[in-house]
file run.txt (compact mmCIF, C-alpha atoms and all ligand atoms)
# COMPACT_ATOMS: atom_id res chain seq x y z
CA MET A 1 7.20 -17.29 32.22
CA LYS A 2 10.01 -15.69 34.21
CA LYS A 3 12.31 -18.48 33.09
CA ILE A 4 11.48 -17.92 29.42
CA LYS A 5 12.18 -14.21 29.76
CA LYS A 6 15.53 -14.96 31.38
CA ILE A 7 16.49 -17.33 28.56
CA ILE A 8 15.50 -14.76 25.94
CA LYS A 9 17.59 -12.08 27.62
CA LYS A 10 20.57 -14.44 27.71
CA CYS A 11 20.21 -15.64 24.11
CA LEU A 12 19.38 -12.29 22.61
CA PRO A 13 21.67 -9.71 24.11
CA TRP A 14 20.68 -7.46 21.26
CA ASN A 15 20.25 -3.86 20.69
CA LEU A 16 18.10 -3.25 17.67
CA ARG A 17 19.23 0.35 17.29
CA LEU A 18 22.91 -0.65 17.10
CA ALA A 19 22.15 -3.47 14.68
CA LEU A 20 20.19 -1.12 12.42
CA GLU A 21 22.81 1.62 12.49
CA LYS A 22 25.52 -0.90 11.56
CA GLU A 23 23.40 -2.09 8.67
CA LEU A 24 22.80 1.48 7.51
CA ASP A 25 26.53 2.21 7.55
CA LYS A 26 27.06 -0.72 5.23
CA ARG A 27 24.32 0.52 2.95
CA ARG A 28 25.75 4.02 2.71
CA GLN A 29 28.64 2.54 0.79
CA SER A 30 26.30 0.96 -1.77
CA ARG A 31 25.59 1.95 -5.36
CA TYR A 32 23.04 4.59 -4.54
CA SER A 33 23.98 7.51 -2.32
CA ILE A 34 20.26 8.33 -2.25
CA PRO A 35 18.30 5.07 -2.36
CA PHE A 36 14.60 4.83 -3.08
CA ASP A 37 13.87 2.74 -0.03
CA TRP A 38 14.21 4.28 3.47
CA TRP A 39 12.49 1.57 5.47
CA ALA A 40 15.41 0.92 7.84
CA GLU A 41 16.00 4.64 8.52
CA GLU A 42 12.29 5.08 9.19
CA ASN A 43 12.39 2.29 11.76
CA LEU A 44 14.97 4.23 13.76
CA PHE A 45 12.19 6.71 14.67
CA TYR A 46 10.25 3.98 16.47
CA ILE A 47 13.06 1.67 17.46
CA GLU A 48 12.44 1.60 21.23
CA GLU A 49 8.75 0.79 20.72
CA ILE A 50 9.59 -1.91 18.19
CA GLN A 51 12.22 -3.48 20.40
CA SER A 52 10.10 -3.68 23.54
CA SER A 53 7.13 -5.07 21.63
CA LEU A 54 9.37 -7.63 19.87
CA GLU A 55 10.68 -8.82 23.21
CA LYS A 56 7.08 -9.21 24.34
CA VAL A 57 6.00 -11.27 21.34
CA ILE A 58 9.04 -13.54 21.47
CA ALA A 59 8.28 -14.27 25.11
CA ILE A 60 4.69 -15.36 24.39
CA SER A 61 4.46 -18.95 25.47
CA ASN A 62 1.30 -20.38 23.94
CA GLN A 63 -1.01 -20.20 20.93
CA ALA A 64 -3.87 -18.60 22.80
CA ASN A 65 -1.69 -15.69 23.87
CA LEU A 66 -0.30 -15.26 20.36
CA LYS A 67 -3.86 -15.07 19.05
CA ALA A 68 -4.72 -12.57 21.76
CA PHE A 69 -1.68 -10.48 20.78
CA ARG A 70 -2.92 -10.43 17.19
CA ALA A 71 -6.50 -9.73 18.27
CA GLU A 72 -5.29 -6.73 20.29
CA PHE A 73 -3.62 -5.32 17.17
CA GLU A 74 -6.75 -6.00 15.10
CA SER A 75 -8.87 -4.08 17.64
CA LYS A 76 -6.41 -1.18 17.56
CA PHE A 77 -6.59 -1.14 13.75
CA ALA A 78 -10.41 -1.27 13.78
CA GLN A 79 -10.51 1.59 16.26
CA ILE A 80 -8.19 3.79 14.21
CA TYR A 81 -10.10 3.14 10.99
CA LYS A 82 -13.45 3.41 12.83
CA VAL A 83 -14.81 0.10 11.56
CA PRO A 84 -16.53 -2.67 13.54
CA ALA A 85 -14.01 -5.37 12.63
CA ALA A 86 -10.50 -5.93 11.28
CA LEU A 87 -8.89 -9.25 10.36
CA GLY A 88 -5.15 -9.73 10.05
CA VAL A 89 -4.21 -11.86 7.04
CA GLY A 90 -1.07 -12.99 5.24
CA SER A 91 -0.92 -10.22 2.57
CA GLY A 92 -2.84 -7.42 0.90
CA THR A 93 -3.64 -9.83 -1.92
CA ALA A 94 -5.16 -12.32 0.53
CA ALA A 95 -7.26 -9.48 2.00
CA LEU A 96 -8.59 -8.72 -1.49
CA VAL A 97 -9.33 -12.36 -2.30
CA PHE A 98 -11.10 -13.04 1.01
CA SER A 99 -13.15 -9.85 0.65
CA LEU A 100 -14.35 -10.88 -2.80
CA LEU A 101 -15.20 -14.39 -1.60
CA ALA A 102 -17.04 -13.03 1.43
CA LEU A 103 -19.09 -10.85 -0.94
CA GLY A 104 -20.08 -14.03 -2.79
CA VAL A 105 -18.06 -13.21 -5.92
CA GLY A 106 -17.20 -16.31 -7.94
CA ARG A 107 -17.04 -18.00 -11.32
CA GLY A 108 -18.77 -16.11 -14.13
CA ASP A 109 -19.07 -12.85 -12.19
CA GLU A 110 -17.41 -9.64 -13.33
CA VAL A 111 -15.44 -7.29 -11.09
CA ILE A 112 -14.47 -3.80 -12.29
CA VAL A 113 -10.88 -2.73 -11.61
CA PRO A 114 -8.90 0.39 -12.63
CA ALA A 115 -6.33 -0.14 -15.39
CA HIS A 116 -3.71 1.63 -13.27
CA THR A 117 -2.99 -0.53 -10.24
CA TYR A 118 -0.55 -3.12 -8.95
CA VAL A 119 -1.09 -6.48 -10.62
CA SER A 120 -2.32 -8.05 -7.36
CA THR A 121 -5.67 -6.25 -7.61
CA VAL A 122 -6.33 -8.17 -10.81
CA LEU A 123 -4.79 -11.42 -9.54
CA ALA A 124 -7.20 -11.34 -6.59
CA VAL A 125 -10.18 -11.15 -8.96
CA LEU A 126 -8.81 -14.05 -11.04
CA ASP A 127 -8.21 -16.03 -7.84
CA SER A 128 -11.85 -15.59 -6.81
CA GLY A 129 -12.86 -17.17 -10.13
CA ALA A 130 -14.36 -13.93 -11.49
CA ILE A 131 -13.46 -11.92 -14.60
CA PRO A 132 -11.53 -8.68 -14.09
CA VAL A 133 -12.99 -5.87 -16.21
CA LEU A 134 -10.50 -3.03 -16.54
CA VAL A 135 -11.53 0.62 -16.91
CA ASP A 136 -9.55 3.77 -17.62
CA VAL A 137 -8.52 6.28 -14.96
CA LYS A 138 -8.97 10.05 -14.67
CA GLU A 139 -6.10 12.52 -14.88
CA ASP A 140 -5.57 12.01 -11.12
CA LEU A 141 -4.86 8.34 -12.03
CA THR A 142 -7.74 6.85 -9.99
CA MET A 143 -10.75 4.92 -11.31
CA ASP A 144 -13.06 6.97 -13.52
CA PRO A 145 -16.68 6.55 -12.28
CA ALA A 146 -18.07 7.32 -15.77
CA ALA A 147 -15.91 4.55 -17.25
CA VAL A 148 -17.12 2.19 -14.51
CA GLU A 149 -20.79 2.90 -15.25
CA ALA A 150 -20.21 2.22 -18.95
CA LYS A 151 -18.87 -1.27 -18.11
CA ILE A 152 -21.63 -2.44 -15.74
CA THR A 153 -23.49 -5.51 -17.02
CA PRO A 154 -25.91 -7.96 -15.36
CA LYS A 155 -22.83 -10.04 -14.46
CA THR A 156 -21.08 -7.24 -12.55
CA LYS A 157 -20.85 -8.13 -8.87
CA ALA A 158 -18.35 -5.67 -7.42
CA ILE A 159 -15.94 -2.81 -8.05
CA ILE A 160 -12.45 -2.32 -6.64
CA PRO A 161 -11.43 1.34 -6.34
CA VAL A 162 -7.68 1.77 -5.74
CA HIS A 163 -6.15 4.77 -3.96
CA ILE A 164 -3.07 4.70 -6.11
CA TYR A 165 0.10 6.20 -4.53
CA GLY A 166 -2.14 7.21 -1.59
CA TYR A 167 -4.25 9.61 -3.69
CA PRO A 168 -7.94 9.28 -2.73
CA ALA A 169 -10.23 7.72 -5.33
CA ASP A 170 -13.63 9.35 -5.89
CA MET A 171 -15.41 7.25 -3.25
CA ARG A 172 -18.49 9.48 -3.16
CA SER A 173 -19.37 8.85 -6.84
CA LEU A 174 -18.27 5.22 -6.71
CA CYS A 175 -20.34 4.45 -3.59
CA GLN A 176 -23.38 6.12 -5.21
CA LEU A 177 -22.85 4.04 -8.34
CA ALA A 178 -22.50 0.83 -6.33
CA GLY A 179 -25.70 1.66 -4.43
CA ARG A 180 -27.63 2.35 -7.63
CA TYR A 181 -26.57 -0.92 -9.30
CA HIS A 182 -26.43 -3.06 -6.09
CA LEU A 183 -22.72 -3.79 -6.39
CA GLY A 184 -20.26 -4.63 -3.66
CA ILE A 185 -17.22 -2.42 -3.06
CA VAL A 186 -13.85 -3.81 -2.10
CA GLU A 187 -11.65 -0.81 -1.44
CA ASP A 188 -8.00 -1.42 -2.28
CA ALA A 189 -6.25 0.74 0.30
CA CYS A 190 -3.00 -1.23 0.05
CA GLN A 191 -1.14 2.02 -0.75
CA ALA A 192 -3.34 4.30 1.32
CA HIS A 193 -2.90 3.77 5.06
CA ALA A 194 -3.00 7.50 5.78
CA THR A 195 -5.38 8.71 3.06
CA GLU A 196 -8.47 10.63 4.21
CA ILE A 197 -11.72 11.42 2.47
CA ASN A 198 -14.07 13.88 4.10
CA GLY A 199 -12.48 13.33 7.51
CA ARG A 200 -12.61 9.52 7.29
CA LEU A 201 -9.66 7.24 6.66
CA ALA A 202 -9.63 5.46 3.30
CA GLY A 203 -10.42 1.76 3.56
CA SER A 204 -13.50 2.42 5.68
CA PHE A 205 -15.84 3.30 2.78
CA GLY A 206 -16.23 -0.03 0.98
CA ASP A 207 -18.05 -3.16 2.17
CA PHE A 208 -14.46 -4.28 2.70
CA GLY A 209 -11.21 -2.34 2.86
CA CYS A 210 -7.88 -4.03 2.18
CA PHE A 211 -4.42 -3.03 3.38
CA SER A 212 -0.96 -4.39 2.64
CA PHE A 213 1.83 -4.49 5.24
CA HIS A 214 4.59 -5.16 2.70
CA TRP A 215 7.76 -3.33 3.80
CA SER A 216 7.38 -0.80 0.98
CA LYS A 217 4.19 0.52 2.58
CA GLN A 218 3.84 3.29 5.16
CA VAL A 219 2.64 0.72 7.67
CA GLY A 220 4.97 -2.09 6.70
CA GLY A 221 6.88 -4.90 8.38
CA PRO A 222 9.76 -7.21 7.49
CA GLY A 223 7.59 -9.79 5.77
CA ASP A 224 4.23 -10.09 4.05
CA GLY A 225 1.07 -9.20 5.89
CA GLY A 226 -2.29 -7.57 5.32
CA MET A 227 -5.51 -6.44 6.95
CA LEU A 228 -9.10 -6.66 5.86
CA VAL A 229 -11.59 -4.30 7.48
CA CYS A 230 -15.38 -4.62 7.27
CA ARG A 231 -18.15 -2.08 7.46
CA ARG A 232 -20.53 -4.70 8.96
CA LYS A 233 -19.54 -7.11 11.72
CA LYS A 234 -21.33 -10.08 10.15
CA ASP A 235 -19.12 -9.75 7.05
CA ALA A 236 -16.09 -10.30 9.27
CA MET A 237 -17.56 -13.61 10.43
CA ARG A 238 -17.78 -14.72 6.79
CA ALA A 239 -14.29 -13.54 5.93
CA VAL A 240 -12.79 -15.33 8.93
CA CYS A 241 -13.74 -18.66 7.30
CA TRP A 242 -11.35 -17.96 4.48
CA ARG A 243 -8.57 -16.97 6.83
CA GLU A 244 -8.88 -20.04 9.05
CA PRO A 245 -10.71 -23.07 7.71
CA LEU A 246 -11.16 -24.31 11.26
CA GLY A 247 -12.57 -21.19 12.80
CA LYS A 248 -13.78 -20.28 16.24
CA ASN A 249 -14.78 -23.30 18.37
CA PHE A 250 -13.55 -25.50 15.53
CA GLN A 251 -16.64 -25.01 13.40
CA VAL A 252 -15.87 -26.30 9.93
CA CYS A 253 -16.05 -23.50 7.38
CA ARG A 254 -15.88 -25.72 4.28
CA SER A 255 -13.08 -23.68 2.78
CA HIS A 256 -10.62 -25.44 0.53
CA ARG A 257 -8.35 -22.42 0.34
CA THR A 258 -4.89 -22.04 1.78
CA PRO A 259 -5.24 -20.32 5.15
CA SER A 260 -3.55 -16.95 5.40
CA ARG A 261 -2.95 -15.25 8.73
CA LEU A 262 -1.07 -12.19 9.92
CA ALA A 263 2.21 -13.26 11.59
CA PRO A 264 2.40 -11.86 15.16
CA LEU A 265 6.14 -11.22 14.66
CA LEU A 266 5.30 -8.36 12.25
CA ILE A 267 2.99 -6.60 14.67
CA PRO A 268 5.66 -4.71 16.68
CA PHE A 269 6.71 -2.91 13.46
CA LEU A 270 3.15 -2.29 12.28
CA SER A 271 1.86 -1.14 15.61
CA ALA A 272 4.67 1.39 16.09
CA ARG A 273 4.09 2.81 12.62
CA LEU A 274 0.34 3.04 13.18
CA ASN A 275 1.00 5.17 16.28
CA TYR A 276 2.67 7.77 14.07
CA LEU A 277 0.37 7.51 11.05
CA SER A 278 -0.89 11.09 10.97
CA GLN A 279 2.41 12.62 12.15
CA ASP A 280 4.29 10.79 9.40
CA ARG A 281 1.66 11.76 6.82
CA LEU A 282 2.21 15.41 7.74
CA LYS A 283 5.99 15.05 7.42
CA ARG A 284 5.52 13.46 4.01
CA GLU A 285 3.13 16.18 2.92
CA LYS A 286 5.69 18.82 3.91
CA LEU A 287 8.32 17.02 1.85
CA ALA A 288 5.90 16.87 -1.11
CA GLU A 289 5.39 20.64 -0.85
CA GLU A 290 9.14 21.19 -0.79
CA TYR A 291 9.62 19.00 -3.84
CA ASP A 292 6.79 20.93 -5.56
CA ALA A 293 8.45 24.25 -4.78
CA GLY A 294 11.81 23.04 -6.08
CA LEU A 295 10.46 21.49 -9.29
CA LYS A 296 7.58 23.74 -10.30
CA SER A 297 9.67 25.96 -12.58
CA ILE A 298 10.61 23.01 -14.83
CA LYS A 299 8.11 23.00 -17.66
CA GLN A 300 8.84 19.40 -18.70
CA ILE A 301 7.53 18.20 -15.32
CA CYS A 302 3.94 17.73 -14.20
CA LEU A 303 3.69 17.75 -10.39
CA PRO A 304 1.46 15.31 -8.47
CA VAL A 305 -2.24 16.31 -8.49
CA ARG A 306 -3.65 17.46 -5.14
CA PRO A 307 -7.00 16.20 -3.83
CA ALA A 308 -9.97 18.45 -3.03
CA SER A 309 -9.56 20.38 0.23
CA LYS A 310 -11.71 18.01 2.32
CA ASN A 311 -9.49 15.08 1.38
CA LYS A 312 -5.92 14.20 2.35
CA HIS A 313 -3.33 12.56 0.13
CA GLY A 314 -1.80 9.56 1.95
CA TRP A 315 1.56 10.20 0.21
CA ARG A 316 2.80 6.69 -0.21
CA ASN A 317 4.80 7.97 -3.21
CA TYR A 318 5.78 11.26 -4.72
CA THR A 319 5.15 10.56 -8.40
CA ILE A 320 5.77 13.14 -11.10
CA ARG A 321 5.10 12.98 -14.83
CA VAL A 322 8.09 13.88 -16.94
CA LYS A 323 9.26 14.20 -20.52
CA LYS A 324 12.32 12.14 -21.53
CA ARG A 325 11.75 9.86 -18.54
CA GLU A 326 14.21 7.08 -19.39
CA ALA A 327 17.03 9.57 -20.00
CA LEU A 328 16.26 11.37 -16.72
CA GLN A 329 16.18 8.11 -14.80
CA LYS A 330 19.54 7.06 -16.26
CA TYR A 331 21.04 10.46 -15.45
CA LEU A 332 19.81 10.30 -11.84
CA ASN A 333 21.07 6.72 -11.56
CA LYS A 334 24.55 7.85 -12.56
CA LYS A 335 24.40 10.49 -9.86
CA GLY A 336 23.57 7.79 -7.30
CA ILE A 337 19.87 8.71 -7.05
CA GLU A 338 17.50 5.77 -7.27
CA THR A 339 14.01 6.31 -8.74
CA LYS A 340 11.22 3.86 -9.59
CA ILE A 341 8.44 3.43 -12.11
CA PHE A 342 5.18 2.10 -10.71
CA TYR A 343 4.67 0.15 -12.89
CA PRO A 344 6.99 -0.39 -15.83
CA GLU A 345 4.63 -2.69 -17.80
CA LEU A 346 1.13 -1.86 -19.00
CA LEU A 347 -1.19 -3.93 -16.82
CA HIS A 348 -3.67 -4.83 -19.58
CA LEU A 349 -0.89 -6.26 -21.78
CA ARG A 350 0.52 -8.53 -19.08
CA PRO A 351 0.37 -12.31 -19.71
CA GLU A 352 -2.10 -12.87 -16.85
CA LEU A 353 -4.71 -10.93 -18.84
CA GLU A 354 -3.86 -12.25 -22.30
CA LYS A 355 -7.08 -14.24 -22.68
CA PHE A 356 -9.19 -11.09 -22.23
CA ARG A 357 -7.63 -9.63 -25.39
CA TYR A 358 -6.96 -6.12 -24.22
CA LYS A 359 -4.89 -4.07 -26.64
CA LEU A 360 -2.85 -0.91 -26.84
CA GLY A 361 -5.22 2.07 -27.06
CA ASP A 362 -7.89 0.59 -24.76
CA PHE A 363 -7.07 2.93 -21.86
CA PRO A 364 -5.69 6.18 -23.33
CA VAL A 365 -5.42 8.20 -20.09
CA TYR A 366 -3.58 5.41 -18.28
CA GLU A 367 -1.36 4.61 -21.26
CA ALA A 368 -0.28 8.24 -21.67
CA ALA A 369 0.51 8.54 -17.95
CA GLN A 370 2.34 5.21 -17.80
CA LYS A 371 4.94 6.52 -20.28
CA GLU A 372 5.74 9.50 -18.05
CA ILE A 373 5.38 8.52 -14.39
CA LEU A 374 8.46 8.52 -12.19
CA SER A 375 8.56 8.16 -8.40
CA LEU A 376 11.30 10.00 -6.52
CA PRO A 377 12.91 8.91 -3.23
CA PHE A 378 10.28 9.90 -0.69
CA SER A 379 10.27 9.30 3.03
CA GLN A 380 9.96 11.09 6.35
CA ALA A 381 13.55 9.96 6.90
CA LEU A 382 14.92 11.69 3.78
CA GLU A 383 17.42 14.35 4.77
CA GLU A 384 17.30 18.01 3.67
CA LYS A 385 20.58 17.69 1.75
CA ASN A 386 19.27 14.61 -0.11
CA LYS A 387 16.14 16.43 -1.17
CA MET A 388 18.14 19.43 -2.41
CA GLU A 389 20.54 17.14 -4.29
CA ILE A 390 17.62 15.45 -6.07
CA ILE A 391 15.98 18.76 -7.02
CA GLU A 392 19.26 20.24 -8.28
CA ALA A 393 20.07 17.12 -10.32
CA ILE A 394 16.65 17.21 -12.03
CA LYS A 395 16.99 20.94 -12.74
CA LYS A 396 20.45 20.39 -14.24
CA PHE A 397 19.14 17.60 -16.46
CA TYR A 398 16.43 19.78 -18.00
CA LYS A 399 18.78 22.73 -18.50
C1 LIG B 1 -2.61 -1.34 -5.03
C2 LIG B 1 -2.15 -2.63 -4.43
N1 LIG B 1 -3.02 -3.65 -4.33
C3 LIG B 1 -2.65 -4.82 -3.79
C4 LIG B 1 -1.37 -5.04 -3.33
C5 LIG B 1 -0.99 -6.38 -2.80
O1 LIG B 1 -0.49 -6.36 -1.52
P1 LIG B 1 0.54 -7.52 -1.04
O2 LIG B 1 1.81 -7.31 -1.78
O3 LIG B 1 0.67 -7.30 0.42
O4 LIG B 1 -0.11 -8.81 -1.36
C6 LIG B 1 -0.44 -4.01 -3.41
C7 LIG B 1 0.95 -4.19 -2.95
O5 LIG B 1 1.88 -3.58 -3.40
C8 LIG B 1 -0.82 -2.77 -3.99
O6 LIG B 1 0.04 -1.77 -4.11
call {"tool": "encode", "arguments": {"input": "run.txt", "output": "structure tokens"}}
result
Amino acid sequence: MKKIKKIIKKCLPWNLRLALEKELDKRRQSRYSIPFDWWAEENLFYIEEIQSSLEKVIAISNQANLKAFRAEFESKFAQIYKVPAALGVGSGTAALVFSLLALGVGRGDEVIVPAHTYVSTVLAVLDSGAIPVLVDVKEDLTMDPAAVEAKITPKTKAIIPVHIYGYPADMRSLCQLAGRYHLGIVEDACQAHATEINGRLAGSFGDFGCFSFHWSKQVGGPGDGGMLVCRRKKDAMRAVCWREPLGKNFQVCRSHRTPSRLAPLLIPFLSARLNYLSQDRLKREKLAEEYDAGLKSIKQICLPVRPASKNKHGWRNYTIRVKKREALQKYLNKKGIETKIFYPELLHLRPELEKFRYKLGDFPVYEAAQKEILSLPFSQALEEKNKMEIIEAIKKFYK
């Protein structure tokens, strides 16, 4: 072991902070003076923790210890989210698919999904063999429980609430609905690592909760990864079969799926970010309030909706609704300010869903919002002067 450590020190005389700062210098000369993505700058906050944990994982010398390293992170995750079990998988999509399979969802079943979500929520349902049934959202852009109830049929097996942009979905009504109709809940918390509902972290309400560790997420690493959490320990035993066809003690799980595991190399990044989850959420909330204060006088802008007082927005994005969106985006682009639209295409008109024959007009609340949504650069690493520049540029545009 000592020998391995010596070799690593010799081969990797690195300093992650210096490497990152060099990279950031290069980026400052790029097209956008204020980019959308601040992942690298954010990492600078936790760089010592990341570096020491990376050195540890690289020095691990056998499979058993790598598994133990991952298991330690899974336990930490389960503890933070106050659930009996957490399983690291290869992506948020894999977490969704394995959750559906573990619930027994399959061919011929129906799964209800909000019309406003990332395409992966729907792809996971298709991958399980079931039919995705889309429903409209409320003005807060999360799944409308009344629309869900209207779509329940004898074939409905589960619902997938999504906490879009980190805004908490109405889990109280949706859990009641699921209880009344005996449906499973797979909670898509891929954008909601820091979201809270009634003092509990989002992801811990459904039978399963699913998280993505894509680098665009608050808890993200340089590569794909995901986590599936379970409300009951026995569900974790079922889900583990899908993750690893040859499970514990080499029992055969009869899975013909591609295995999908969380790469230990990502864990140093994820673990450091988890340590600062609530601190970073607070910083992001403060930034959201400052944006609100700067933009509230512009009547062509609708500010992000705030959740009820017992709930906390996870603030993955700061997404406003605006008039003349394309022109504003172009104007900001010219000024070197990068913005994004999540998502630029209507989900129900995408080719993956063609055979279900959805059409324009099926989801009026979502369709109206989708024409106006615009996400601004938003990160705990954003500097005061950047924020002011963005606010001033938007004000100037609407003048
Ligand atoms: C709402 C939602 N669901 C699912 C996913 C899929 O996660 P991944 O990209 O890790 O597979 C994402 C990722 O962006 C997401 O935002």
call {"tool": "closest_atom_pairs", "arguments": {"input": "run.txt", "of": "chain A", "to": "ligand LIG 1 (chain B)", "cutoff": "7 Å", "atoms": "all atoms listed in the file", "output": "Markdown table"}}
result
| residue | atom | partner | partner_atom | distance |
| --- | --- | --- | --- | --- |
| A:Ser91 | CA | B:LIG1 | O3 | 4.0 |
| A:Gly92 | CA | B:LIG1 | O1 | 3.5 |
| A:Thr93 | CA | B:LIG1 | O4 | 3.7 |
| A:Ala94 | CA | B:LIG1 | O4 | 6.4 |
| A:Thr117 | CA | B:LIG1 | C1 | 5.3 |
| A:Tyr118 | CA | B:LIG1 | C1 | 4.8 |
| A:Ser120 | CA | B:LIG1 | C3 | 4.8 |
| A:Thr121 | CA | B:LIG1 | N1 | 5.0 |
| A:Val162 | CA | B:LIG1 | C1 | 6.0 |
| A:Ile164 | CA | B:LIG1 | C1 | 6.2 |
| A:Asp188 | CA | B:LIG1 | N1 | 5.8 |
| A:Ala189 | CA | B:LIG1 | C1 | 6.8 |
| A:Cys190 | CA | B:LIG1 | C2 | 4.8 |
| A:Gln191 | CA | B:LIG1 | O6 | 5.2 |
| A:Ser212 | CA | B:LIG1 | O3 | 4.0 |
| A:Phe213 | CA | B:LIG1 | O3 | 5.7 |
| A:His214 | CA | B:LIG1 | O3 | 5.0 |
| A:Asp224 | CA | B:LIG1 | O3 | 5.8 |
| A:Gly225 | CA | B:LIG1 | O3 | 5.8 |
| A:Gly226 | CA | B:LIG1 | O3 | 5.7 |
call {"tool": "closest_atom_pairs", "arguments": {"input": "run.txt", "of": "region 39-108 of chain A", "to": "region 377-386 of chain A", "cutoff": "12 Å", "atoms": "all atoms listed in the file", "output": "CSV"}}
result
residue,atom,partner,partner_atom,distance
A:Trp39,CA,A:Ser379,CA,8.4
A:Ala40,CA,A:Ala381,CA,9.3
A:Glu41,CA,A:Ala381,CA,6.1
A:Glu42,CA,A:Ala381,CA,5.5
A:Asn43,CA,A:Ala381,CA,9.2
A:Leu44,CA,A:Ala381,CA,9.1
A:Phe45,CA,A:Ala381,CA,8.5
A:Tyr46,CA,A:Ala381,CA,11.8
call {"tool": "write_last_selection", "arguments": {"input": "run.txt", "atoms": "C-alpha atoms", "output": "PDB file, in the frame of the given file"}}
result
ATOM      1  CA  TRP A  39      12.490   1.570   5.470  1.00  0.00           C
ATOM      2  CA  ALA A  40      15.410   0.920   7.840  1.00  0.00           C
ATOM      3  CA  GLU A  41      16.000   4.640   8.520  1.00  0.00           C
ATOM      4  CA  GLU A  42      12.290   5.080   9.190  1.00  0.00           C
ATOM      5  CA  ASN A  43      12.390   2.290  11.760  1.00  0.00           C
ATOM      6  CA  LEU A  44      14.970   4.230  13.760  1.00  0.00           C
ATOM      7  CA  PHE A  45      12.190   6.710  14.670  1.00  0.00           C
ATOM      8  CA  TYR A  46      10.250   3.980  16.470  1.00  0.00           C
TER       9      TYR A  46
END
call {"tool": "closest_residue", "arguments": {"input": "run.txt", "among": "A:Lys355, A:Cys210, A:Lys387, A:Phe269", "to": "Ile131 (chain A)", "atoms": "all atoms listed in the file"}}
result
A:Lys355
call {"tool": "closest_residue", "arguments": {"input": "run.txt", "among": "A:Glu244, A:Ala194, A:Glu23, A:Leu360", "to": "Arg284 (chain A)", "atoms": "only C-alpha atoms"}}
result
A:Ala194
call {"tool": "atom_distance", "arguments": {"input": "run.txt", "atom1": "CA of Glu389 (chain A)", "atom2": "CA of Gly220 (chain A)"}}
result
27.1 Å
call {"tool": "closest_residue", "arguments": {"input": "run.txt", "among": "A:Leu141, A:Leu376, A:Val135, A:Cys241", "to": "Arg257 (chain A)", "atoms": "all atoms listed in the file"}}
result
A:Cys241
call {"tool": "closest_residue", "arguments": {"input": "run.txt", "among": "A:Ala263, A:Leu134, A:Ala124, A:Val219", "to": "Gly88 (chain A)", "atoms": "all atoms listed in the file"}}
result
A:Ala263
